[in-house]
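Chemist: The file below is protein-v1.cif, mmCIF, C-alpha atoms:
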```
data_start
#
loop_
_atom_site.label_atom_id
_atom_site.label_comp_id
_atom_site.auth_asym_id
_atom_site.auth_seq_id
_atom_site.Cartn_x
_atom_site.Cartn_y
_atom_site.Cartn_z
CA MET A 104 45.40 -30.22 -3.28
CA SER A 105 44.15 -29.09 -6.68
CA ALA A 106 44.98 -25.56 -7.75
CA GLN A 107 41.57 -25.35 -9.43
CA TRP A 108 38.82 -24.64 -6.90
CA PRO A 109 35.17 -24.95 -7.97
CA ASP A 110 33.31 -21.65 -8.07
CA VAL A 111 31.09 -21.33 -4.98
CA ALA A 112 28.33 -19.53 -6.92
CA SER A 113 28.27 -22.46 -9.36
CA LEU A 114 28.03 -24.91 -6.46
CA GLU A 115 25.09 -22.91 -5.05
CA LEU A 116 23.42 -23.01 -8.47
CA PHE A 117 24.00 -26.77 -8.69
CA LEU A 118 22.45 -27.28 -5.24
CA LEU A 119 19.37 -25.33 -6.33
CA VAL A 120 19.01 -27.53 -9.43
CA VAL A 121 19.19 -30.62 -7.21
CA GLU A 122 16.59 -29.09 -4.87
CA TYR A 123 14.13 -28.02 -7.57
CA GLY A 124 14.82 -30.56 -10.30
CA SER A 125 14.87 -27.69 -12.81
CA ILE A 126 17.70 -25.61 -14.26
CA GLY A 127 15.22 -22.93 -15.34
CA ARG A 128 13.77 -22.48 -11.86
CA ALA A 129 17.22 -22.47 -10.25
CA ALA A 130 18.40 -19.87 -12.79
CA THR A 131 15.44 -17.63 -11.95
CA GLU A 132 16.25 -17.83 -8.24
CA VAL A 133 19.79 -16.51 -8.77
CA GLY A 134 18.94 -14.00 -11.50
CA LEU A 135 20.46 -15.84 -14.48
CA THR A 136 19.05 -16.85 -17.83
CA GLN A 137 18.61 -20.58 -18.33
CA ALA A 138 21.31 -20.55 -21.01
CA SER A 139 23.81 -18.84 -18.68
CA ALA A 140 22.99 -21.29 -15.89
CA SER A 141 23.49 -24.27 -18.23
CA ARG A 142 26.90 -22.93 -19.31
CA ARG A 143 27.94 -22.44 -15.68
CA LEU A 144 26.90 -26.00 -14.82
CA ASP A 145 28.76 -27.36 -17.85
CA THR A 146 31.89 -25.54 -16.69
CA LEU A 147 31.48 -26.97 -13.18
CA GLU A 148 31.24 -30.51 -14.58
CA ARG A 149 34.42 -29.99 -16.64
CA GLU A 150 36.28 -28.57 -13.64
CA LEU A 151 35.26 -31.45 -11.35
CA GLY A 152 35.69 -34.12 -14.03
CA VAL A 153 32.52 -36.03 -13.19
CA PRO A 154 28.98 -35.95 -14.64
CA LEU A 155 26.68 -34.08 -12.27
CA LEU A 156 23.23 -33.97 -13.88
CA LEU A 157 20.92 -36.06 -16.00
CA ARG A 158 18.81 -33.72 -18.12
CA ASP A 159 15.67 -34.60 -20.04
CA THR A 160 12.35 -33.03 -21.01
CA THR A 161 10.93 -33.52 -17.50
CA GLY A 162 13.75 -31.70 -15.72
CA SER A 163 17.18 -32.37 -14.24
CA ARG A 164 18.30 -34.75 -11.52
CA PRO A 165 21.71 -35.58 -10.09
CA THR A 166 23.74 -38.54 -11.24
CA PRO A 167 24.98 -40.83 -8.46
CA GLN A 168 28.28 -38.93 -8.57
CA GLY A 169 26.35 -35.66 -8.65
CA GLN A 170 24.40 -36.56 -5.51
CA THR A 171 27.66 -37.27 -3.70
CA VAL A 172 29.08 -33.93 -4.86
CA ALA A 173 25.87 -32.22 -3.69
CA ASP A 174 26.23 -33.76 -0.22
CA TRP A 175 29.79 -32.41 0.02
CA ALA A 176 28.88 -29.07 -1.58
CA HIS A 177 26.45 -28.18 1.22
CA ALA A 178 29.34 -28.03 3.67
CA VAL A 179 31.53 -26.08 1.24
CA VAL A 180 28.83 -23.46 0.56
CA ALA A 181 28.04 -23.10 4.26
CA ALA A 182 31.76 -22.63 5.02
CA ALA A 183 32.08 -20.05 2.25
CA ARG A 184 29.13 -18.11 3.69
CA ASP A 185 30.68 -18.26 7.15
CA LEU A 186 33.96 -16.98 5.70
CA GLU A 187 32.15 -14.19 3.86
CA SER A 188 30.28 -13.17 7.02
CA GLY A 189 33.42 -13.34 9.14
CA VAL A 190 35.49 -11.20 6.80
CA ALA A 191 32.62 -8.71 6.58
CA ALA A 192 32.56 -8.52 10.38
CA LEU A 193 36.30 -7.82 10.41
CA ARG A 194 35.84 -5.01 7.91
CA ARG A 195 33.08 -3.49 10.01
CA HIS A 196 35.29 -3.73 13.08
CA ARG A 197 37.98 -1.62 11.38
CA LYS A 198 35.62 1.06 10.12
CA ALA A 199 31.85 1.53 10.18
CA THR A 200 30.68 1.35 6.57
CA LEU A 201 27.37 0.77 4.84
CA GLN A 202 27.21 -0.41 1.24
CA LEU A 203 23.75 0.58 0.06
CA ALA A 204 21.87 -0.10 -3.18
CA ALA A 205 18.58 1.65 -3.93
CA SER A 206 16.09 1.57 -6.76
CA MET A 207 15.92 4.72 -8.80
CA THR A 208 12.75 6.32 -7.46
CA VAL A 209 13.71 5.72 -3.83
CA ALA A 210 17.28 6.88 -4.46
CA GLU A 211 16.19 10.10 -6.18
CA TYR A 212 13.44 11.26 -3.85
CA LEU A 213 13.89 9.62 -0.43
CA VAL A 214 17.39 8.31 0.21
CA PRO A 215 19.14 11.72 0.29
CA GLY A 216 17.00 12.85 3.24
CA TRP A 217 17.43 9.51 5.00
CA LEU A 218 21.22 9.64 4.62
CA ALA A 219 21.35 13.23 5.84
CA ARG A 220 19.56 12.13 9.02
CA LEU A 221 21.87 9.12 9.39
CA ARG A 222 24.85 11.45 9.04
CA GLU A 223 23.51 13.60 11.89
CA LEU A 224 23.15 10.58 14.15
CA GLU A 225 26.28 8.66 13.11
CA PRO A 226 28.80 11.06 11.53
CA ALA A 227 31.56 8.42 11.42
CA VAL A 228 29.62 6.04 9.15
CA GLU A 229 30.77 5.93 5.53
CA VAL A 230 28.00 5.12 3.05
CA GLY A 231 28.48 3.88 -0.50
CA LEU A 232 25.35 4.18 -2.67
CA GLN A 233 24.54 2.40 -5.94
CA VAL A 234 21.48 3.59 -7.88
CA LEU A 235 19.93 0.70 -9.83
CA ASN A 236 16.53 -0.71 -10.68
CA SER A 237 14.78 -2.97 -8.17
CA GLU A 238 15.83 -6.20 -9.89
CA GLU A 239 19.47 -5.13 -9.93
CA VAL A 240 19.33 -4.09 -6.25
CA ALA A 241 18.22 -7.63 -5.35
CA GLU A 242 21.11 -9.04 -7.42
CA GLN A 243 23.59 -6.84 -5.54
CA ILE A 244 22.20 -8.03 -2.20
CA HIS A 245 22.18 -11.68 -3.25
CA GLY A 246 25.75 -11.42 -4.54
CA GLY A 247 27.01 -9.82 -1.33
CA MET A 248 28.01 -6.60 -3.10
CA ALA A 249 25.68 -4.48 -0.96
CA ASP A 250 24.86 -4.75 2.74
CA MET A 251 21.27 -3.67 2.22
CA GLY A 252 19.02 -1.93 -0.25
CA PHE A 253 15.66 -0.31 -0.91
CA ILE A 254 13.30 -1.58 -3.62
CA GLU A 255 9.84 -0.84 -5.01
CA SER A 256 8.82 -4.20 -6.49
CA TYR A 257 6.42 -6.84 -5.15
CA ASP A 258 8.51 -9.91 -5.93
CA LEU A 259 11.41 -10.89 -3.68
CA PRO A 260 14.06 -13.35 -4.87
CA ARG A 261 15.13 -16.25 -2.71
CA ASP A 262 17.51 -15.47 0.16
CA ILE A 263 16.28 -11.88 0.47
CA ALA A 264 14.78 -10.61 3.74
CA ALA A 265 12.64 -7.48 3.73
CA THR A 266 10.65 -5.06 5.83
CA ARG A 267 8.22 -2.41 4.60
CA VAL A 268 9.27 1.16 5.39
CA ARG A 269 6.44 3.06 3.69
CA VAL A 270 3.78 2.88 0.96
CA ASP A 271 4.07 4.67 -2.36
CA ARG A 272 1.41 5.27 -5.01
CA LEU A 273 1.73 5.28 -8.78
CA VAL A 274 -0.18 7.90 -10.71
CA THR A 275 -1.02 8.24 -14.38
CA VAL A 276 0.18 11.50 -15.91
CA VAL A 277 -0.25 13.17 -19.29
CA ALA A 278 0.71 16.44 -20.94
CA PRO A 279 -1.94 19.20 -20.60
CA THR A 280 -2.66 18.85 -24.33
CA HIS A 281 -3.44 15.13 -24.15
CA PRO A 282 -7.12 14.15 -24.57
CA TRP A 283 -7.12 12.42 -21.17
CA ALA A 284 -6.34 15.77 -19.52
CA ARG A 285 -9.84 17.00 -20.53
CA ARG A 286 -11.75 13.93 -19.31
CA ARG A 287 -14.36 14.46 -16.62
CA SER A 288 -14.52 10.81 -15.60
CA PRO A 289 -11.78 8.36 -14.61
CA VAL A 290 -10.06 6.28 -17.26
CA PRO A 291 -11.05 2.59 -16.95
CA ALA A 292 -8.23 0.21 -16.12
CA THR A 293 -9.01 -1.68 -19.33
CA GLU A 294 -8.30 1.45 -21.37
CA LEU A 295 -5.05 2.04 -19.49
CA ALA A 296 -3.96 -1.55 -20.22
CA ALA A 297 -4.73 -1.15 -23.92
CA THR A 298 -2.95 2.21 -24.29
CA PRO A 299 0.75 2.30 -25.32
CA LEU A 300 2.55 4.11 -22.50
CA VAL A 301 5.94 5.66 -21.93
CA MET A 302 7.41 3.07 -19.59
CA ARG A 303 10.48 2.38 -17.50
CA GLU A 304 12.73 -0.53 -18.46
CA ARG A 305 11.97 -4.14 -17.52
CA GLY A 306 13.12 -4.93 -14.00
CA SER A 307 12.24 -1.49 -12.64
CA GLY A 308 9.93 -1.42 -9.62
CA THR A 309 7.64 1.08 -11.33
CA ARG A 310 7.05 -1.19 -14.31
CA THR A 311 6.64 -4.38 -12.29
CA THR A 312 4.16 -2.63 -10.00
CA LEU A 313 2.01 -1.60 -12.97
CA GLU A 314 2.22 -5.10 -14.46
CA HIS A 315 1.27 -6.65 -11.11
CA ALA A 316 -1.64 -4.25 -10.58
CA LEU A 317 -3.11 -4.86 -14.06
CA ALA A 318 -2.72 -8.62 -13.65
CA GLU A 319 -4.52 -8.46 -10.30
CA ALA A 320 -7.34 -6.27 -11.61
CA LEU A 321 -7.80 -7.57 -15.14
CA GLY A 322 -5.72 -10.71 -15.59
CA VAL A 323 -3.69 -9.01 -18.33
CA GLY A 324 -0.56 -6.92 -18.57
CA PRO A 325 -0.02 -3.58 -20.31
CA THR A 326 0.19 -3.44 -24.07
CA ALA A 327 3.55 -2.87 -25.76
CA PRO A 328 4.99 0.49 -24.69
CA ALA A 329 5.12 3.54 -26.91
CA LEU A 330 8.61 4.20 -25.51
CA GLU A 331 10.82 2.36 -23.01
CA LEU A 332 13.24 4.55 -21.05
CA SER A 333 15.67 3.93 -18.20
CA SER A 334 14.99 6.86 -15.86
CA ASN A 335 12.07 8.78 -14.38
CA ALA A 336 13.48 12.03 -15.78
CA ALA A 337 13.54 10.65 -19.34
CA VAL A 338 9.98 9.33 -18.99
CA LYS A 339 8.75 12.75 -17.80
CA VAL A 340 10.45 14.54 -20.71
CA ALA A 341 8.73 12.16 -23.16
CA VAL A 342 5.32 12.71 -21.55
CA LEU A 343 5.80 16.49 -21.50
CA SER A 344 6.53 16.35 -25.24
CA GLY A 345 3.15 14.67 -25.79
CA ALA A 346 4.52 11.23 -26.68
CA ALA A 347 2.06 9.23 -24.56
CA PRO A 348 0.79 8.88 -20.98
CA ALA A 349 2.99 7.34 -18.28
CA VAL A 350 2.51 5.71 -14.90
CA LEU A 351 5.08 6.92 -12.36
CA SER A 352 5.50 7.28 -8.63
CA GLU A 353 3.73 10.29 -7.17
CA LEU A 354 7.11 11.15 -5.64
CA ALA A 355 8.58 11.55 -9.12
CA VAL A 356 5.86 13.81 -10.55
CA ALA A 357 4.70 15.85 -7.56
CA ALA A 358 6.48 19.04 -8.69
CA GLU A 359 5.27 18.80 -12.29
CA ILE A 360 1.67 18.18 -11.20
CA SER A 361 1.84 21.07 -8.73
CA ASP A 362 3.00 23.61 -11.33
CA GLY A 363 0.68 22.32 -14.08
CA ARG A 364 3.29 20.91 -16.45
CA LEU A 365 1.70 17.46 -16.05
CA ARG A 366 -1.88 16.43 -15.31
CA GLU A 367 -2.79 13.49 -13.09
CA VAL A 368 -5.48 11.28 -14.61
CA PRO A 369 -7.64 9.20 -12.23
CA ILE A 370 -7.81 5.49 -13.09
CA GLU A 371 -10.70 3.36 -11.84
CA ASP A 372 -10.84 -0.32 -10.85
CA ILE A 373 -7.13 -0.68 -10.07
CA ASP A 374 -4.95 -0.37 -6.98
CA LEU A 375 -1.63 1.32 -7.81
CA ARG A 376 -0.21 1.44 -4.30
CA ARG A 377 3.03 -0.41 -3.62
CA PRO A 378 5.31 -1.11 -0.67
CA LEU A 379 8.75 0.45 -0.45
CA ARG A 380 10.95 -2.06 1.35
CA ALA A 381 14.36 -2.31 2.91
CA VAL A 382 16.03 -5.57 1.84
CA TRP A 383 19.07 -7.55 2.88
CA ARG A 384 20.33 -11.08 2.54
CA SER A 385 18.40 -13.51 4.69
CA ARG A 386 20.19 -15.35 7.49
CA THR A 387 22.41 -12.30 8.02
CA ARG A 388 22.06 -9.48 10.50
CA LEU A 389 21.94 -5.85 9.44
CA THR A 390 24.78 -3.71 10.71
CA ASP A 391 23.95 -1.14 13.38
CA PRO A 392 24.00 1.70 10.78
CA GLY A 393 21.76 -0.41 8.54
CA GLU A 394 19.24 -0.98 11.33
CA ARG A 395 19.26 2.73 12.14
CA LEU A 396 18.71 3.63 8.46
CA VAL A 397 15.69 1.30 8.34
CA ARG A 398 14.21 3.07 11.37
CA ILE A 399 14.82 6.46 9.73
CA ALA A 400 13.20 5.30 6.47
CA ALA A 401 10.16 4.01 8.35
CA GLY A 402 9.69 7.38 10.07
CA ARG A 403 10.75 6.20 13.49
CA THR A 404 13.20 8.15 15.65
CA GLY A 405 16.31 6.61 14.11
#
```
Represent the supplied structure as structure tokens.

Modeler:
Amino acid sequence: MSAQWPDVASLELFLLVVEYGSIGRAATEVGLTQASASRRLDTLERELGVPLLLRDTTGSRPTPQGQTVADWAHAVVAAARDLESGVAALRRHRKATLQLAASMTVAEYLVPGWLARLRELEPAVEVGLQVLNSEEVAEQIHGGMADMGFIESYDLPRDIAATRVRVDRLVTVVAPTHPWARRRSPVPATELAATPLVMRERGSGTRTTLEHALAEALGVGPTAPALELSSNAAVKVAVLSGAAPAVLSELAVAAEISDGRLREVPIEDIDLRRPLRAVWRSRTRLTDPGERLVRIAAGRTG
């Protein structure tokens, strides 16, 4: 038996290319750039010692040898998933744990209360929490590095199951000195789209929600940001300094609006509501603590 085993993640990527006929589409499904996916496939071909793909301007298709490898790889990938699930079950049998990943807004303003309630109901459960953006949460779930997560974005990658736990709303906020703070009528969505904003980084649920809402309402995205920052706190500091308006979750700015440090600006002709969802890898079952946490998040008894 060869000492060099093919990487299972590379086999999964290869199977997606065979399924879709496109390296770019397969790369998107697993959260890689097309260049990274191509390098991983090249490495797989070198390790196996046979040509796997024929690539041209119309896409990619398996060679005869590649099709045979794909037929075998299905069984290998399925066995690897069974092994992963079995070992995870053994770990849960030894000690109740929950590896959780949550997008930043949910983690900052909702998860602490949910976990406090879970602790009351199941004091023996140990919870590990990673705070990431929504795109990164999905990557952690897909890679098996988290049992479940909470995200704010509309788009769900392949192999991710989800259920809505509540609805959030984005609001536009400005400093009290900003001209929009003195407006007596709502700001049109077209003006919001054309205005450079202080924005979260790409991949954050807050940013993707705004981009989705503008695309739905106007068929365009927001203009280039005035600033791009990686946390809600940093965005709020920039807005308070008068840098530019921002669009953030009402959860993140409730205190500042209440005490007058920020002003909410109504926007017309756009729907800025978004679902907050619990996510986990499809074809797997949530652990008992995970199911209970979903019920808590959704406002049920727990």

Chemist: Check which residues satisfy the PyMOL selection byres ((chain A and resi 382) around 7) in the file shown, then give them as number ranges by chain.

Modeler: A: 251-253, 263-266, 380-381, 383

Chemist: Give the answer as one residue: which of A:Arg143, A:Arg377, A:Arg366, A:Arg384 has the shortest atom-to-atom distance to Arg285 of chain A, using only C-alpha atoms?

Modeler: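 Nearest candidate to Arg285 of chain A out of A:Arg143, A:Arg377, A:Arg366, A:Arg384: A:Arg366.
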
Chemist: Ranking A:Gly324, A:Gly363, A:Gly162, A:Gly402 by minimum distance to Gly127 of chain A and counting all atoms listed in the file, which one comes first?

Modeler: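 Of all the options, A:Gly162 lies closest to Gly127 of chain A.
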
Chemist: Would you kindly translate the PyMOL selection byres ((chain A and resi 345-357) around 10) into the concrete residues it picks from this file, as a PyMOL selection string?

Modeler: chain A and resi 208-209+211-213+255+271-281+283+295+298-303+308-310+312-313+328-330+335-336+338-344+358-362+364-368+375-377

Chemist: Could you name the residues that touch Ile373 of chain A at 8 Å or less, counting only C-alpha atoms, but leaving out those on the same chain fewer than 4 positions away, as a PyMOL selection string?

Modeler: chain A and resi 292+316-317+320

Chemist: Rounded to one decimal place, report the atom CA of Thr136 of chain A-atom CA of Val323 of chain A distance in Å.

Modeler: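 According to the coordinates, atom CA of Thr136 of chain A and atom CA of Val323 of chain A are separated by 24.1 Å.
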
Chemist: If I wrap all listed atoms of segment 119-137 of chain A in a box with edges along x, y and z and add 3 Å on each side, what are its centre and edge lengths in Å to one decimal, as AutoDock Vina command-line options?

Modeler:
```
--center_x 17.1 --center_y -22.3 --center_z -11.6 --size_x 12.7 --size_y 22.6 --size_z 19.5
```

Chemist: Could you state the separation of atom CA of Ser139 of chain A and atom CA of Pro109 of chain A in Å, given to one decimal place?

Modeler: 16.8 Å

Chemist: Could you tell me how far atom CA of His245 of chain A sits from atom CA of Val228 of chain A, in Å to one decimal place?

Modeler: 22.9 Å

Chemist: Report the residues retrieved by the PyMOL selection byres ((chain A and resi 132-135) around 8) from the displayed file, expressed as a CSV table (one decimal) with C-alpha atoms, in the coordinates of the input.

Modeler:
```csv
chain,number,residue,atom,x,y,z
A,116,LEU,CA,23.4,-23.0,-8.5
A,128,ARG,CA,13.8,-22.5,-11.9
A,129,ALA,CA,17.2,-22.5,-10.2
A,130,ALA,CA,18.4,-19.9,-12.8
A,131,THR,CA,15.4,-17.6,-12.0
A,136,THR,CA,19.0,-16.8,-17.8
A,137,GLN,CA,18.6,-20.6,-18.3
A,139,SER,CA,23.8,-18.8,-18.7
A,140,ALA,CA,23.0,-21.3,-15.9
A,242,GLU,CA,21.1,-9.0,-7.4
A,245,HIS,CA,22.2,-11.7,-3.2
A,260,PRO,CA,14.1,-13.4,-4.9
A,261,ARG,CA,15.1,-16.2,-2.7
```

Chemist: Taking (14.3, 3.9, -15.2) in the file's coordinates, which residues come within 8 Å, counting all atoms listed in the file, written as an mmCIF file with C-alpha atoms, in the frame of the given file?

Modeler:
```
data_model
loop_
_atom_site.group_PDB
_atom_site.id
_atom_site.type_symbol
_atom_site.label_atom_id
_atom_site.label_comp_id
_atom_site.auth_asym_id
_atom_site.auth_seq_id
_atom_site.Cartn_x
_atom_site.Cartn_y
_atom_site.Cartn_z
ATOM 1 C CA MET A 207 15.920 4.720 -8.800
ATOM 2 C CA ASN A 236 16.530 -0.710 -10.680
ATOM 3 C CA ARG A 303 10.480 2.380 -17.500
ATOM 4 C CA GLU A 304 12.730 -0.530 -18.460
ATOM 5 C CA SER A 307 12.240 -1.490 -12.640
ATOM 6 C CA LEU A 332 13.240 4.550 -21.050
ATOM 7 C CA SER A 333 15.670 3.930 -18.200
ATOM 8 C CA SER A 334 14.990 6.860 -15.860
ATOM 9 C CA ASN A 335 12.070 8.780 -14.380
ATOM 10 C CA ALA A 337 13.540 10.650 -19.340
ATOM 11 C CA VAL A 338 9.980 9.330 -18.990
#
```
